[in-house]
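Structure file work09.pdb; described as PDB, C-alpha atoms, pLDDT in the B column.
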MODEL        1
ATOM      1  CA  MET L 100     190.674  95.105  64.824  1.00 77.00           C
ATOM      2  CA  LYS L 101     192.830  96.742  62.174  1.00 86.00           C
ATOM      3  CA  VAL L 102     193.031 100.519  61.853  1.00 90.00           C
ATOM      4  CA  LYS L 103     191.422 100.463  58.392  1.00 92.00           C
ATOM      5  CA  ASN L 104     188.420  98.580  59.805  1.00 88.00           C
ATOM      6  CA  LEU L 105     188.051 101.045  62.653  1.00 89.00           C
ATOM      7  CA  ILE L 106     188.208 103.956  60.201  1.00 92.00           C
ATOM      8  CA  LYS L 107     185.452 102.394  58.107  1.00 93.00           C
ATOM      9  CA  ILE L 108     183.296 102.044  61.188  1.00 90.00           C
ATOM     10  CA  LEU L 109     184.033 105.581  62.400  1.00 91.00           C
ATOM     11  CA  LYS L 110     183.092 107.035  59.017  1.00 95.00           C
ATOM     12  CA  THR L 111     179.579 105.605  59.406  1.00 93.00           C
ATOM     13  CA  LEU L 112     179.034 107.327  62.753  1.00 90.00           C
ATOM     14  CA  GLU L 113     177.754 110.811  63.446  1.00 90.00           C
ATOM     15  CA  GLN L 114     180.882 112.933  63.107  1.00 92.00           C
ATOM     16  CA  GLU L 115     180.120 115.141  66.128  1.00 90.00           C
ATOM     17  CA  ALA L 116     179.463 112.173  68.427  1.00 86.00           C
ATOM     18  CA  ILE L 117     181.775 111.274  71.324  1.00 80.00           C
ATOM     19  CA  ILE L 118     183.600 107.964  71.411  1.00 85.00           C
ATOM     20  CA  ASP L 119     184.111 106.084  74.673  1.00 82.00           C
ATOM     21  CA  ILE L 120     186.280 103.165  75.547  1.00 82.00           C
ATOM     22  CA  ALA L 121     185.457 100.646  78.238  1.00 75.00           C
ATOM     23  CA  THR L 122     188.057 100.286  80.960  1.00 80.00           C
ATOM     24  CA  ASP L 123     187.384  96.568  81.189  1.00 81.00           C
ATOM     25  CA  GLU L 124     185.757  93.862  79.088  1.00 78.00           C
ATOM     26  CA  GLU L 125     182.648  93.760  81.292  1.00 82.00           C
ATOM     27  CA  GLY L 126     181.942  97.427  80.628  1.00 81.00           C
ATOM     28  CA  ASN L 127     181.968  98.422  84.299  1.00 85.00           C
ATOM     29  CA  CYS L 128     183.534 101.839  83.647  1.00 87.00           C
ATOM     30  CA  PHE L 129     183.867 104.160  80.668  1.00 88.00           C
ATOM     31  CA  GLY L 130     185.818 107.273  79.771  1.00 85.00           C
ATOM     32  CA  ASN L 131     186.719 109.784  77.100  1.00 85.00           C
ATOM     33  CA  ILE L 132     189.554 108.660  74.865  1.00 85.00           C
ATOM     34  CA  SER L 133     192.875 110.307  75.666  1.00 85.00           C
ATOM     35  CA  HIS L 134     194.672 112.178  72.880  1.00 81.00           C
ATOM     36  CA  GLY L 135     197.766 110.096  73.586  1.00 80.00           C
ATOM     37  CA  ILE L 136     198.169 106.794  71.755  1.00 83.00           C
ATOM     38  CA  THR L 137     200.795 104.269  72.783  1.00 87.00           C
ATOM     39  CA  GLU L 138     202.664 102.261  70.149  1.00 91.00           C
ATOM     40  CA  GLY L 139     204.169  98.876  70.895  1.00 93.00           C
ATOM     41  CA  THR L 140     204.927  95.430  69.511  1.00 94.00           C
ATOM     42  CA  LEU L 141     203.091  92.220  70.337  1.00 91.00           C
ATOM     43  CA  LYS L 142     205.335  89.546  71.826  1.00 95.00           C
ATOM     44  CA  SER L 143     203.438  86.706  70.178  1.00 94.00           C
ATOM     45  CA  THR L 144     203.549  87.969  66.583  1.00 93.00           C
ATOM     46  CA  GLY L 145     205.941  90.916  66.471  1.00 93.00           C
ATOM     47  CA  LYS L 146     203.177  93.051  64.943  1.00 92.00           C
ATOM     48  CA  LYS L 147     202.718  96.722  65.815  1.00 91.00           C
ATOM     49  CA  VAL L 148     199.933  97.523  68.240  1.00 91.00           C
ATOM     50  CA  TYR L 149     198.352 100.841  69.244  1.00 90.00           C
ATOM     51  CA  THR L 150     196.702 101.292  72.605  1.00 88.00           C
ATOM     52  CA  ILE L 151     194.229 104.006  73.518  1.00 86.00           C
ATOM     53  CA  TYR L 152     193.480 104.953  77.097  1.00 85.00           C
ATOM     54  CA  PRO L 153     190.666 106.754  78.866  1.00 84.00           C
ATOM     55  CA  GLU L 154     191.264 110.298  80.149  1.00 85.00           C
ATOM     56  CA  SER L 155     188.742 109.751  82.901  1.00 85.00           C
ATOM     57  CA  ILE L 156     186.835 106.829  84.351  1.00 89.00           C
ATOM     58  CA  GLU L 157     183.154 106.828  85.260  1.00 90.00           C
ATOM     59  CA  ILE L 158     180.703 104.072  86.056  1.00 90.00           C
ATOM     60  CA  ALA L 159     177.938 103.673  83.494  1.00 87.00           C
ATOM     61  CA  GLU L 160     175.181 104.858  85.877  1.00 90.00           C
ATOM     62  CA  ASP L 161     176.981 108.179  86.387  1.00 91.00           C
ATOM     63  CA  ARG L 162     177.803 108.714  82.718  1.00 89.00           C
ATOM     64  CA  TYR L 163     174.733 107.656  80.735  1.00 90.00           C
ATOM     65  CA  GLN L 164     171.065 108.525  80.801  1.00 90.00           C
ATOM     66  CA  TYR L 165     168.858 105.436  80.533  1.00 85.00           C
TER
ENDMDL
END

Target format structure tokens, applied to this file:
Amino acid sequence: MKVKNLIKILKTLEQEAIIDIATDEEGNCFGNISHGITEGTLKSTGKKVYTIYPESIEIAEDRYQY
């Protein structure tokens, strides 16, 4: 996803909401997004990439009320 697309999506969300990131593609664990963002370059295309990381990791059952 491009930054501009993410910004468009974020603008539609409740501005006081919290954003999580999954620590894996299955969604086994979640965490608050760290303030640090890593910048790099993709080997395959040479394009810039930004990576965000979780500050903490929790399993879904401990984090969310169902």

Next item on the list: List the residues matched by the PyMOL selection byres ((chain L and resi 152) around 9) in the displayed structure as a ChimeraX atom specification, ordered by chain and then by residue number.
Entry: /L:120,122,130-137,150-151,153-155

Next item on the list: Quick one: pull the distance between atom CA of Ile108 of chain L and atom CA of Thr144 of chain L, Å, one decimal.
Entry: 25.2 Å

Using all atoms of segment 137-154 of chain L that appear in the file, construct an axis-aligned enclosing box with 8 Å of padding on every side and provide its centre coordinates and edge lengths in Å, rounded to one decimal, as AutoDock Vina command-line options.
--center_x 198.3 --center_y 98.5 --center_z 72.5 --size_x 31.3 --size_y 39.6 --size_z 31.2

Check: Of the candidates L:Leu109, L:Tyr165, L:Lys101, L:Glu124, which one gets nearest to Lys147 of chain L if we count all atoms listed in the file?
Finding: L:Lys101

Next item on the list: Please evaluate the PyMOL selection byres ((chain L and resi 157) around 7) against the displayed coordinates and give the resulting residues as a ChimeraX atom specification.
Entry: /L:128-130,155-156,158-159,161-162

Next item on the list: Rounded to one decimal place, report the atom CA of Met100 of chain L-atom CA of Ala116 of chain L distance in Å.
Entry: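 Between atom CA of Met100 of chain L and atom CA of Ala116 of chain L the gap works out to 20.7 Å.
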
Notebook entry, point to check: Hey, can you check how far atom CA of Ile106 of chain L sits from atom CA of Gly139 of chain L?
Noted result: 19.9 Å
